[in-house]
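Chemist: File follows, start03.tsv with TSV, C-alpha atoms and all ligand atoms:
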chain	number	residue	atom	x	y	z
P	1	SER	CA	76.82	105.75	75.05
P	2	THR	CA	80.52	106.42	74.56
P	3	ASP	CA	79.82	110.05	73.63
P	4	THR	CA	79.23	110.88	77.26
P	5	HIS	CA	82.86	110.05	77.95
P	6	ALA	CA	84.45	112.42	75.50
P	7	PRO	CA	86.36	114.21	78.30
P	8	PHE	CA	88.72	111.26	78.52
P	9	GLU	CA	89.52	110.10	75.04
P	10	LYS	CA	88.96	113.17	72.96
P	11	LYS	CA	90.71	115.89	74.91
P	12	PRO	CA	94.40	115.03	74.84
P	13	GLY	CA	95.25	118.72	75.16
P	14	THR	CA	93.50	119.16	78.50
P	15	PRO	CA	95.99	120.04	81.22
P	16	GLY	CA	96.96	117.06	83.33
P	17	THR	CA	99.60	114.42	83.11
P	18	PRO	CA	100.18	112.38	79.98
P	19	ARG	CA	98.97	108.79	80.15
P	20	SER	CA	101.58	106.23	81.01
P	21	THR	CA	101.74	102.60	80.02
P	22	GLY	CA	103.18	99.65	81.93
P	23	GLU	CA	103.51	99.57	85.67
P	24	LEU	CA	101.90	102.58	87.33
P	25	ILE	CA	101.97	101.63	91.00
P	26	ARG	CA	104.48	99.43	92.78
P	27	LEU	CA	104.80	98.51	96.42
P	28	GLU	CA	107.89	96.58	97.47
P	29	GLN	CA	108.24	95.06	100.92
P	30	VAL	CA	106.08	97.79	102.41
P	31	THR	CA	105.62	97.61	106.15
P	32	LYS	CA	103.46	99.98	108.16
P	33	ARG	CA	103.10	99.89	111.92
P	34	PHE	CA	101.00	101.87	114.33
P	35	GLY	CA	102.79	101.50	117.66
P	36	ASP	CA	103.46	97.78	118.00
P	37	HIS	CA	100.61	96.85	115.65
P	38	THR	CA	101.91	95.80	112.23
P	39	VAL	CA	99.16	96.86	109.83
P	40	LEU	CA	101.00	96.04	106.59
P	41	ASP	CA	103.59	93.33	106.66
P	42	HIS	CA	106.24	93.35	103.90
P	43	LEU	CA	103.67	93.85	101.20
P	44	ASP	CA	104.46	93.53	97.48
P	45	PHE	CA	102.15	94.29	94.61
P	46	SER	CA	101.90	96.33	91.46
P	47	VAL	CA	99.18	97.76	89.28
P	48	ASP	CA	99.59	98.25	85.53
P	49	ALA	CA	98.27	101.36	83.82
P	50	GLY	CA	94.66	101.06	82.77
P	51	LYS	CA	93.89	98.09	85.05
P	52	HIS	CA	91.23	97.89	87.72
P	53	VAL	CA	92.40	96.27	90.91
P	54	THR	CA	90.16	95.66	93.90
P	55	LEU	CA	91.26	95.11	97.47
P	56	ILE	CA	88.95	92.91	99.52
P	57	GLY	CA	89.21	91.37	102.95
P	58	PRO	CA	88.04	91.79	106.52
P	59	SER	CA	87.87	95.11	108.27
P	60	GLY	CA	91.22	96.10	109.75
P	61	SER	CA	93.27	94.05	107.27
P	62	GLY	CA	95.14	97.14	106.00
P	63	LYS	CA	93.34	98.01	102.76
P	64	THR	CA	92.64	101.67	103.48
P	65	THR	CA	96.17	102.13	104.82
P	66	ILE	CA	97.48	101.28	101.34
P	67	LEU	CA	95.38	104.02	99.74
P	68	ARG	CA	96.53	106.49	102.39
P	69	LEU	CA	100.18	105.59	101.76
P	70	LEU	CA	99.68	106.16	98.03
P	71	MET	CA	98.10	109.55	98.77
P	72	THR	CA	101.18	110.37	100.91
P	73	LEU	CA	98.89	110.89	103.90
P	74	LEU	CA	101.00	108.27	105.69
P	75	LYS	CA	104.62	107.15	105.47
P	76	PRO	CA	105.71	103.51	105.35
P	77	ASP	CA	108.10	102.28	108.06
P	78	GLU	CA	109.90	100.06	105.55
P	79	GLY	CA	109.86	99.37	101.85
P	80	THR	CA	109.41	101.45	98.72
P	81	ILE	CA	106.37	102.80	96.90
P	82	THR	CA	106.59	104.08	93.35
P	83	VAL	CA	103.94	105.84	91.30
P	84	ASP	CA	104.64	106.15	87.58
P	85	GLY	CA	108.31	105.41	88.18
P	86	GLU	CA	108.77	108.04	90.89
P	87	GLN	CA	109.58	106.96	94.41
P	88	LEU	CA	107.25	108.44	97.04
P	89	PHE	CA	109.49	108.24	100.10
P	90	PRO	CA	111.80	109.96	100.24
P	91	ALA	CA	110.66	112.64	97.84
P	92	SER	CA	110.89	116.41	97.83
P	93	GLU	CA	107.75	118.45	98.42
P	94	LYS	CA	107.76	119.36	94.75
P	95	GLN	CA	107.98	115.69	93.72
P	96	VAL	CA	105.17	114.81	96.12
P	97	ARG	CA	102.97	117.54	94.60
P	98	GLU	CA	103.66	116.19	91.11
P	99	ILE	CA	102.87	112.63	92.16
P	100	ARG	CA	99.67	113.72	93.89
P	101	LYS	CA	98.44	115.30	90.68
P	102	LYS	CA	98.49	111.85	89.12
P	103	ILE	CA	96.25	110.43	91.82
P	104	GLY	CA	92.54	111.10	92.36
P	105	MET	CA	90.89	109.90	95.52
P	106	VAL	CA	87.27	109.45	96.50
P	107	PHE	CA	86.55	108.88	100.17
P	108	GLN	CA	83.79	107.21	102.12
P	109	GLN	CA	82.67	110.66	103.32
P	110	PHE	CA	82.40	112.83	100.24
P	111	ASN	CA	84.45	115.76	101.59
P	112	LEU	CA	82.95	118.30	99.19
P	113	PHE	CA	83.35	122.02	99.85
P	114	PRO	CA	80.00	122.81	101.52
P	115	ASN	CA	79.90	126.49	100.62
P	116	MET	CA	80.63	126.08	96.93
P	117	THR	CA	78.22	125.11	94.19
P	118	VAL	CA	78.52	121.70	92.60
P	119	LEU	CA	80.12	123.29	89.53
P	120	ARG	CA	82.65	125.22	91.59
P	121	ASN	CA	83.52	122.13	93.62
P	122	ILE	CA	84.64	120.57	90.35
P	123	THR	CA	86.38	123.57	88.76
P	124	GLU	CA	88.27	124.77	91.85
P	125	ALA	CA	91.31	122.48	91.71
P	126	PRO	CA	91.73	122.45	87.91
P	127	VAL	CA	91.87	126.26	88.01
P	128	THR	CA	94.02	126.72	91.12
P	129	VAL	CA	96.27	123.66	90.85
P	130	LEU	CA	96.48	122.94	87.11
P	131	GLY	CA	96.12	126.55	86.01
P	132	MET	CA	93.22	125.82	83.64
P	133	SER	CA	91.17	128.78	82.47
P	134	LYS	CA	87.82	129.15	84.21
P	135	ASP	CA	86.00	128.58	80.90
P	136	ALA	CA	87.89	125.41	80.06
P	137	ALA	CA	87.42	124.09	83.60
P	138	GLU	CA	83.68	124.78	83.44
P	139	GLU	CA	83.35	123.11	80.07
P	140	ARG	CA	85.04	120.03	81.38
P	141	ALA	CA	83.01	120.12	84.62
P	142	ARG	CA	79.81	120.17	82.59
P	143	GLU	CA	80.95	117.14	80.60
P	144	LEU	CA	81.76	115.31	83.80
P	145	LEU	CA	78.46	116.28	85.39
P	146	GLU	CA	76.67	114.89	82.39
P	147	MET	CA	78.62	111.68	82.75
P	148	VAL	CA	77.59	111.29	86.40
P	149	GLY	CA	74.02	112.36	85.62
P	150	LEU	CA	73.93	115.61	87.59
P	151	THR	CA	73.77	118.34	84.98
P	152	GLU	CA	70.59	119.82	86.40
P	153	HIS	CA	72.16	120.18	89.86
P	154	LEU	CA	75.25	122.17	88.97
P	155	ALA	CA	74.18	125.36	90.72
P	156	LYS	CA	73.22	123.65	93.99
P	157	ARG	CA	75.30	123.34	97.15
P	158	PRO	CA	76.31	119.85	98.33
P	159	GLY	CA	73.87	120.06	101.26
P	160	GLN	CA	70.95	120.18	98.83
P	161	LEU	CA	71.90	116.83	97.31
P	162	SER	CA	71.43	113.23	98.46
P	163	GLY	CA	74.48	111.32	99.64
P	164	GLY	CA	74.57	109.38	96.38
P	165	GLN	CA	74.49	112.59	94.36
P	166	GLN	CA	77.22	114.10	96.53
P	167	GLN	CA	79.38	111.06	95.97
P	168	ARG	CA	78.88	111.36	92.21
P	169	VAL	CA	80.02	114.99	92.46
P	170	ALA	CA	83.08	113.80	94.38
P	171	ILE	CA	83.84	111.32	91.58
P	172	ALA	CA	83.48	114.06	88.95
P	173	ARG	CA	85.69	116.34	91.05
P	174	ALA	CA	88.43	113.70	91.24
P	175	LEU	CA	88.25	113.06	87.48
P	176	ALA	CA	88.40	116.78	86.68
P	177	MET	CA	92.10	116.69	87.57
P	178	ARG	CA	92.68	114.04	84.90
P	179	PRO	CA	94.48	111.74	87.30
P	180	GLN	CA	96.17	108.61	86.03
P	181	VAL	CA	94.77	106.57	88.85
P	182	LEU	CA	91.57	106.77	90.82
P	183	LEU	CA	91.68	105.50	94.40
P	184	LEU	CA	88.26	104.57	95.73
P	185	ASP	CA	87.96	103.98	99.45
P	186	GLU	CA	84.66	102.24	100.27
P	187	VAL	CA	82.84	104.97	98.39
P	188	THR	CA	79.39	103.49	98.99
P	189	SER	CA	79.77	102.54	102.66
P	190	ALA	CA	78.25	105.76	104.02
P	191	LEU	CA	75.26	105.71	101.67
P	192	ASP	CA	71.68	104.66	102.26
P	193	PRO	CA	71.17	101.30	100.51
P	194	GLU	CA	68.90	102.71	97.80
P	195	LEU	CA	71.60	105.17	96.72
P	196	VAL	CA	74.41	102.65	96.31
P	197	ALA	CA	73.48	101.34	92.85
P	198	GLY	CA	73.55	104.78	91.21
P	199	VAL	CA	77.11	105.40	92.39
P	200	LEU	CA	78.31	101.93	91.41
P	201	ASP	CA	76.73	102.30	87.96
P	202	VAL	CA	78.67	105.51	87.39
P	203	LEU	CA	81.89	103.76	88.42
P	204	ARG	CA	81.16	100.77	86.19
P	205	ASP	CA	80.65	103.17	83.34
P	206	ILE	CA	83.95	104.94	84.04
P	207	ALA	CA	85.77	101.61	84.30
P	208	ARG	CA	84.32	100.46	80.99
P	209	SER	CA	84.72	103.59	78.95
P	210	THR	CA	87.87	105.38	80.10
P	211	ASP	CA	91.56	104.53	80.28
P	212	ILE	CA	91.90	105.41	83.96
P	213	THR	CA	93.60	103.01	86.35
P	214	MET	CA	91.46	102.12	89.37
P	215	LEU	CA	92.41	100.84	92.79
P	216	CYS	CA	89.30	100.17	94.86
P	217	VAL	CA	88.63	99.12	98.40
P	218	THR	CA	85.08	97.81	98.48
P	219	HIS	CA	82.68	95.50	100.26
P	220	GLU	CA	80.47	95.39	97.16
P	221	MET	CA	81.45	91.99	95.81
P	222	ASN	CA	79.25	92.06	92.72
P	223	PHE	CA	80.79	95.38	91.77
P	224	ALA	CA	84.28	94.00	92.40
P	225	ARG	CA	83.49	91.00	90.22
P	226	ASP	CA	82.19	93.23	87.41
P	227	ILE	CA	84.94	95.79	87.16
P	228	SER	CA	88.13	94.10	88.36
P	229	ASP	CA	90.95	92.79	86.26
P	230	ARG	CA	92.49	91.50	89.46
P	231	VAL	CA	91.29	91.03	93.02
P	232	LEU	CA	93.64	91.02	96.01
P	233	MET	CA	92.40	89.31	99.15
P	234	PHE	CA	93.88	90.79	102.33
P	235	ASP	CA	94.13	89.30	105.75
P	236	GLN	CA	96.10	90.81	108.63
P	237	GLY	CA	98.24	93.08	106.50
P	238	ARG	CA	99.15	90.50	103.87
P	239	ILE	CA	97.78	89.48	100.49
P	240	ILE	CA	96.76	85.89	101.02
P	241	GLU	CA	95.32	85.33	97.56
P	242	ALA	CA	95.26	87.26	94.27
P	243	GLY	CA	93.79	86.58	90.88
P	244	ALA	CA	91.10	87.22	88.32
P	245	PRO	CA	87.67	87.82	89.85
P	246	GLU	CA	86.27	84.60	88.34
P	247	LYS	CA	88.98	82.70	90.18
P	248	ILE	CA	88.75	84.49	93.55
P	249	PHE	CA	84.96	84.51	93.71
P	250	SER	CA	84.26	81.08	92.20
P	251	GLU	CA	87.22	78.95	93.22
P	252	PRO	CA	89.03	80.61	96.13
P	253	GLU	CA	92.04	78.61	97.27
P	254	HIS	CA	92.37	79.91	100.77
P	255	ASP	CA	90.06	79.00	103.65
P	256	ARG	CA	90.13	82.60	104.88
P	257	THR	CA	88.94	83.80	101.46
P	258	ARG	CA	86.09	81.27	101.48
P	259	GLU	CA	85.05	82.29	104.99
P	260	PHE	CA	85.21	85.98	104.13
P	261	LEU	CA	83.19	85.56	100.95
P	262	SER	CA	80.52	83.44	102.59
P	263	ALA	CA	80.16	86.10	105.28
P	264	VAL	CA	79.75	89.01	102.85
P	265	LEU	CA	78.02	87.47	99.83
X	301	LIG	P1	90.83	98.15	106.38
X	301	LIG	O1	90.79	99.26	105.37
X	301	LIG	O2	91.24	96.84	105.78
X	301	LIG	O3	89.58	98.04	107.18
X	301	LIG	P2	92.74	99.85	107.71
X	301	LIG	O4	93.85	100.01	106.75
X	301	LIG	O5	91.76	100.95	107.84
X	301	LIG	O6	91.99	98.47	107.41
X	301	LIG	O7	93.31	99.59	109.17
X	301	LIG	C1	94.21	98.57	109.47
X	301	LIG	C2	94.54	98.61	110.94
X	301	LIG	O8	95.28	99.77	111.25
X	301	LIG	C3	93.32	98.62	111.85
X	301	LIG	O9	93.57	97.76	112.92
X	301	LIG	C4	93.25	100.06	112.32
X	301	LIG	O10	92.68	100.14	113.58
X	301	LIG	C5	94.70	100.46	112.33
X	301	LIG	N1	94.89	101.91	112.10
X	301	LIG	C6	94.57	102.58	110.97
X	301	LIG	N2	94.91	103.88	111.07
X	301	LIG	C7	95.46	104.04	112.30
X	301	LIG	C8	96.04	105.16	113.01
X	301	LIG	N3	96.10	106.36	112.44
X	301	LIG	N4	96.51	104.93	114.24
X	301	LIG	C9	96.47	103.71	114.80
X	301	LIG	N5	95.96	102.62	114.20
X	301	LIG	C10	95.46	102.77	112.96
Would you put the structure from the file into structure tokens?
Ligand code: ADP
Modeler:
Amino acid sequence: STDTHAPFEKKPGTPGTPRSTGELIRLEQVTKRFGDHTVLDHLDFSVDAGKHVTLIGPSGSGKTTILRLLMTLLKPDEGTITVDGEQLFPASEKQVREIRKKIGMVFQQFNLFPNMTVLRNITEAPVTVLGMSKDAAEERARELLEMVGLTEHLAKRPGQLSGGQQQRVAIARALAMRPQVLLLDEVTSALDPELVAGVLDVLRDIARSTDITMLCVTHEMNFARDISDRVLMFDQGRIIEAGAPEKIFSEPEHDRTREFLSAVL
């Protein structure tokens, strides 16, 4: 039900950044090399606020590198990246901190704090980074835990949970910062097969019922088809085909896309 998602639509006063409209992410002529290997080759694309964009393509085609550039974990060799109108490189440390607050990321490995309870994992950054009161952060954490179906586990440590449960905590933790955009990097790849559906269901629910922008790297093609407004097919550091999921999955234009899809579907 939509009630479960009250933290997003009904709490405009919660600390965090105000929601933007229009173009939220823009890459222009972005090139990234590692040594003499060109991983991203003069890449252009943009993501509008509120949209769900999925990056697909073979392993090594540069998808994760894009998420890492957006998180400022890497620097491009050429080109410009803007998030919500602010250029990422060059940017002062203060600007980078402000931009990072707008971005939530969930990794393949959950990266939870092992010595903290589930609840504390979620409240830590809102309290220390956003300056939320402990009470307000806990209230919001409880709402998020309800949304990801983990209310009864809030006092446990990550090690007492399954991988799928840990990943749902990681999703709640990212959302607790009220980011404008959620970056999802193959978030189900490290999970046992029987735990994948629970995590994807939570993400489908978030995509359907919140205004958050999503940029996902995934090998789960049914999930990509369900949630995406647009799918970008990568090959060797370039976007070779982009479009609505119905188009990419049902009538791909490029041979490479057809080959890739027949190998993974
Ligand atoms: P994908 O997410 O599409 O699988 P990646 O963005 O992870 O692709 O990687 C693209 C290419 O960049 C791969 O060939 C990978 O080996 C290389 N690469 C990624 N990170 C590094 C790094 N830190 N140093 C050297 N090569 C890297």
Chemist: What does the distance from CA of Arg238 (chain P) to CA of Glu259 (chain P) come to in Å, to one decimal?
Modeler: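 Between these atoms lies a distance of 16.4 Å.
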Chemist: For Gln87 (chain P), list every protein, DNA or RNA residue within 10 Å, evaluated using only C-alpha atoms, and leave out those in the same chain fewer than 3 positions away; present the list as a VMD selection string.
Modeler: chain P and resid 25 to 27 80 to 84 90 to 91 95 to 96 99
Chemist: Give the residues close to ligand LIG 301 (chain X), within 7 Å, counting all atoms listed in the file; write them as a PDB file with C-alpha atoms, in the frame of the given file.
Modeler:
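Generated output (pocket29.pdb):
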ATOM      1  CA  PHE P  34     101.000 101.870 114.330  1.00  0.00           C
ATOM      2  CA  VAL P  39      99.160  96.860 109.830  1.00  0.00           C
ATOM      3  CA  GLY P  57      89.210  91.370 102.950  1.00  0.00           C
ATOM      4  CA  PRO P  58      88.040  91.790 106.520  1.00  0.00           C
ATOM      5  CA  SER P  59      87.870  95.110 108.270  1.00  0.00           C
ATOM      6  CA  GLY P  60      91.220  96.100 109.750  1.00  0.00           C
ATOM      7  CA  SER P  61      93.270  94.050 107.270  1.00  0.00           C
ATOM      8  CA  GLY P  62      95.140  97.140 106.000  1.00  0.00           C
ATOM      9  CA  LYS P  63      93.340  98.010 102.760  1.00  0.00           C
ATOM     10  CA  THR P  64      92.640 101.670 103.480  1.00  0.00           C
ATOM     11  CA  THR P  65      96.170 102.130 104.820  1.00  0.00           C
ATOM     12  CA  ILE P  66      97.480 101.280 101.340  1.00  0.00           C
TER      13      ILE P  66
END
Chemist: Residues at most 12 Å from Lys156 (chain P), counting all atoms listed in the file, excluding those fewer than 6 positions away in the same chain, as a list in words?
Modeler: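 Surrounding residues, per the criterion: Phe113, Pro114, Asn115, Met116, Thr117, Val118, Leu119, Arg120, Asn121, Leu150, Ser162, Gln165, Gln166 and Val169 of chain P.
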Chemist: Pick the closest to Ile56 (chain P) from P:Glu93, P:Asp77, P:Asp255, P:Glu220: which is it, counting only C-alpha atoms?
Modeler: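 That would be P:Glu220, the residue with the smallest distance to Ile56 (chain P).
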Chemist: So, with only C-alpha atoms as the atoms that count, which of P:Met71, P:Leu144, P:Glu138, P:Arg173 lies closest to Leu112 (chain P)?
Modeler: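 Residue with the minimum atom-to-atom distance to Leu112 (chain P): P:Arg173.
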Chemist: So what do you get for CA of Ile212 (chain P) versus CA of Ile248 (chain P), distance-wise?
Modeler: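 We find that CA of Ile212 (chain P) and CA of Ile248 (chain P) lie 23.2 Å from each other.
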Chemist: Excluding Thr38 (chain P) and any residue of its chain fewer than 5 positions from it, enumerate the residues within 9 Å of it, using only C-alpha atoms, and give them as a ChimeraX atom specification.
Modeler: /P:31-33,236-237
Chemist: Around region 185-202 of chain P, with edges along x, y and z and 6 Å added on all six sides, what centre and edge lengths do you get, in Å to one decimal, as lines of an AutoDock Vina configuration file?
Modeler:
center_x = 78.4
center_y = 103.5
center_z = 95.7
size_x = 31.1
size_y = 16.5
size_z = 28.6
Chemist: Please indicate the distance in Å from CA of Gly243 (chain P) to CA of Ser262 (chain P), rounded to one decimal place.
Modeler: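 Answer for the CA of Gly243 (chain P) to CA of Ser262 (chain P) separation: 18.0 Å.
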Chemist: Would you list the contacts of Val53 (chain P) as a ChimeraX atom specification, taking every protein, DNA or RNA residue within 8 Å and counting all atoms listed in the file, but skipping same-chain residues closer than 6 positions in sequence?
Modeler: /P:47,214-216,228-232
Chemist: Between P:Ala263, P:Phe223, P:Gln29, P:Gly79, single out the one closest to Pro245 (chain P), counting only C-alpha atoms.
Modeler: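 Among the listed residues, the smallest separation from Pro245 (chain P) belongs to P:Phe223.
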Chemist: Taking (74.5, 104.3, 103.0) in the coordinates of the supplied file, I want to know which residues reach to within 12 Å of it, counting all atoms listed in the file; could you give the answer as a compact mmCIF listing (two decimals) with C-alpha atoms, keeping the file's coordinate frame?
Modeler:
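Below is the file that was written, result-v5.txt:
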# COMPACT_ATOMS: atom_id res chain seq x y z
CA GLN P 108 83.79 107.21 102.12
CA GLN P 109 82.67 110.66 103.32
CA PHE P 110 82.40 112.83 100.24
CA SER P 162 71.43 113.23 98.46
CA GLY P 163 74.48 111.32 99.64
CA GLY P 164 74.57 109.38 96.38
CA GLN P 165 74.49 112.59 94.36
CA GLN P 167 79.38 111.06 95.97
CA GLU P 186 84.66 102.24 100.27
CA VAL P 187 82.84 104.97 98.39
CA THR P 188 79.39 103.49 98.99
CA SER P 189 79.77 102.54 102.66
CA ALA P 190 78.25 105.76 104.02
CA LEU P 191 75.26 105.71 101.67
CA ASP P 192 71.68 104.66 102.26
CA PRO P 193 71.17 101.30 100.51
CA GLU P 194 68.90 102.71 97.80
CA LEU P 195 71.60 105.17 96.72
CA VAL P 196 74.41 102.65 96.31
CA ALA P 197 73.48 101.34 92.85
CA GLY P 198 73.55 104.78 91.21
CA VAL P 199 77.11 105.40 92.39
Chemist: I need the residue nearest Asp211 (chain P) from this list: P:Gly22, P:Gly50, P:Gly149, P:Gly131. Use all atoms listed in the file for the distance.
Modeler: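 Among the listed residues, P:Gly50 lies closest to Asp211 (chain P).
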Chemist: From the set P:Ala137, P:Ser20, P:Asn222, P:Gly104, which residue has the shortest atom-to-atom contact distance to Ile122 (chain P), counting all atoms listed in the file?
Modeler: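 Looking only at the distances to Ile122 (chain P), the closest residue turns out to be P:Ala137.
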Chemist: Of the candidates P:Arg258, P:Arg225, P:His42, P:Arg208, which shows the shortest atom-to-atom distance to Glu241 (chain P), using all atoms listed in the file?
Modeler: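 Distance minimum relative to Glu241 (chain P) lands on P:Arg258.
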Chemist: Since fewer atoms than expected are present, regenerate N, CA and C atoms for region 68-88 of chain P and write them as an mmCIF file, in the frame of the given file.
Modeler:
data_model
loop_
_atom_site.group_PDB
_atom_site.id
_atom_site.type_symbol
_atom_site.label_atom_id
_atom_site.label_comp_id
_atom_site.auth_asym_id
_atom_site.auth_seq_id
_atom_site.Cartn_x
_atom_site.Cartn_y
_atom_site.Cartn_z
ATOM 1 N N ARG P 68 96.010 105.304 101.703
ATOM 2 C CA ARG P 68 96.530 106.490 102.390
ATOM 3 C C ARG P 68 98.043 106.638 102.188
ATOM 4 N N LEU P 69 98.748 105.529 102.079
ATOM 5 C CA LEU P 69 100.180 105.590 101.760
ATOM 6 C C LEU P 69 100.377 106.156 100.357
ATOM 7 N N LEU P 70 99.556 105.688 99.413
ATOM 8 C CA LEU P 70 99.680 106.160 98.030
ATOM 9 C C LEU P 70 99.366 107.649 97.927
ATOM 10 N N MET P 71 98.440 108.119 98.755
ATOM 11 C CA MET P 71 98.100 109.550 98.770
ATOM 12 C C MET P 71 99.112 110.374 99.556
ATOM 13 N N THR P 72 100.159 109.731 100.076
ATOM 14 C CA THR P 72 101.180 110.370 100.910
ATOM 15 C C THR P 72 100.575 111.000 102.176
ATOM 16 N N LEU P 73 99.454 110.457 102.620
ATOM 17 C CA LEU P 73 98.890 110.890 103.900
ATOM 18 C C LEU P 73 99.567 110.145 105.042
ATOM 19 N N LEU P 74 100.235 109.056 104.717
ATOM 20 C CA LEU P 74 101.000 108.270 105.690
ATOM 21 C C LEU P 74 102.338 107.921 105.062
ATOM 22 N N LYS P 75 103.297 107.589 105.922
ATOM 23 C CA LYS P 75 104.620 107.150 105.470
ATOM 24 C C LYS P 75 104.849 105.700 105.855
ATOM 25 N N PRO P 76 105.421 104.896 104.959
ATOM 26 C CA PRO P 76 105.710 103.510 105.350
ATOM 27 C C PRO P 76 106.889 103.473 106.330
ATOM 28 N N ASP P 77 106.939 102.452 107.174
ATOM 29 C CA ASP P 77 108.100 102.280 108.060
ATOM 30 C C ASP P 77 109.239 101.608 107.310
ATOM 31 N N GLU P 78 108.886 100.737 106.366
ATOM 32 C CA GLU P 78 109.900 100.060 105.550
ATOM 33 C C GLU P 78 109.350 99.891 104.144
ATOM 34 N N GLY P 79 110.278 99.694 103.204
ATOM 35 C CA GLY P 79 109.860 99.370 101.850
ATOM 36 C C GLY P 79 109.759 100.599 100.957
ATOM 37 N N THR P 80 109.495 100.347 99.677
ATOM 38 C CA THR P 80 109.410 101.450 98.720
ATOM 39 C C THR P 80 108.074 101.415 97.976
ATOM 40 N N ILE P 81 107.601 102.628 97.677
ATOM 41 C CA ILE P 81 106.370 102.800 96.900
ATOM 42 C C ILE P 81 106.724 103.679 95.724
ATOM 43 N N THR P 82 106.389 103.232 94.524
ATOM 44 C CA THR P 82 106.590 104.080 93.350
ATOM 45 C C THR P 82 105.294 104.269 92.601
ATOM 46 N N VAL P 83 105.099 105.506 92.125
ATOM 47 C CA VAL P 83 103.940 105.840 91.300
ATOM 48 C C VAL P 83 104.495 106.389 89.991
ATOM 49 N N ASP P 84 104.177 105.723 88.897
ATOM 50 C CA ASP P 84 104.640 106.150 87.580
ATOM 51 C C ASP P 84 106.161 106.337 87.568
ATOM 52 N N GLY P 85 106.847 105.402 88.185
ATOM 53 C CA GLY P 85 108.310 105.410 88.180
ATOM 54 C C GLY P 85 108.972 106.321 89.190
ATOM 55 N N GLU P 86 108.193 107.112 89.912
ATOM 56 C CA GLU P 86 108.770 108.040 90.890
ATOM 57 C C GLU P 86 108.577 107.493 92.299
ATOM 58 N N GLN P 87 109.680 107.448 93.042
ATOM 59 C CA GLN P 87 109.580 106.960 94.410
ATOM 60 C C GLN P 87 108.921 107.997 95.319
ATOM 61 N N LEU P 88 108.005 107.520 96.174
ATOM 62 C CA LEU P 88 107.250 108.440 97.040
ATOM 63 C C LEU P 88 107.986 108.842 98.311
#
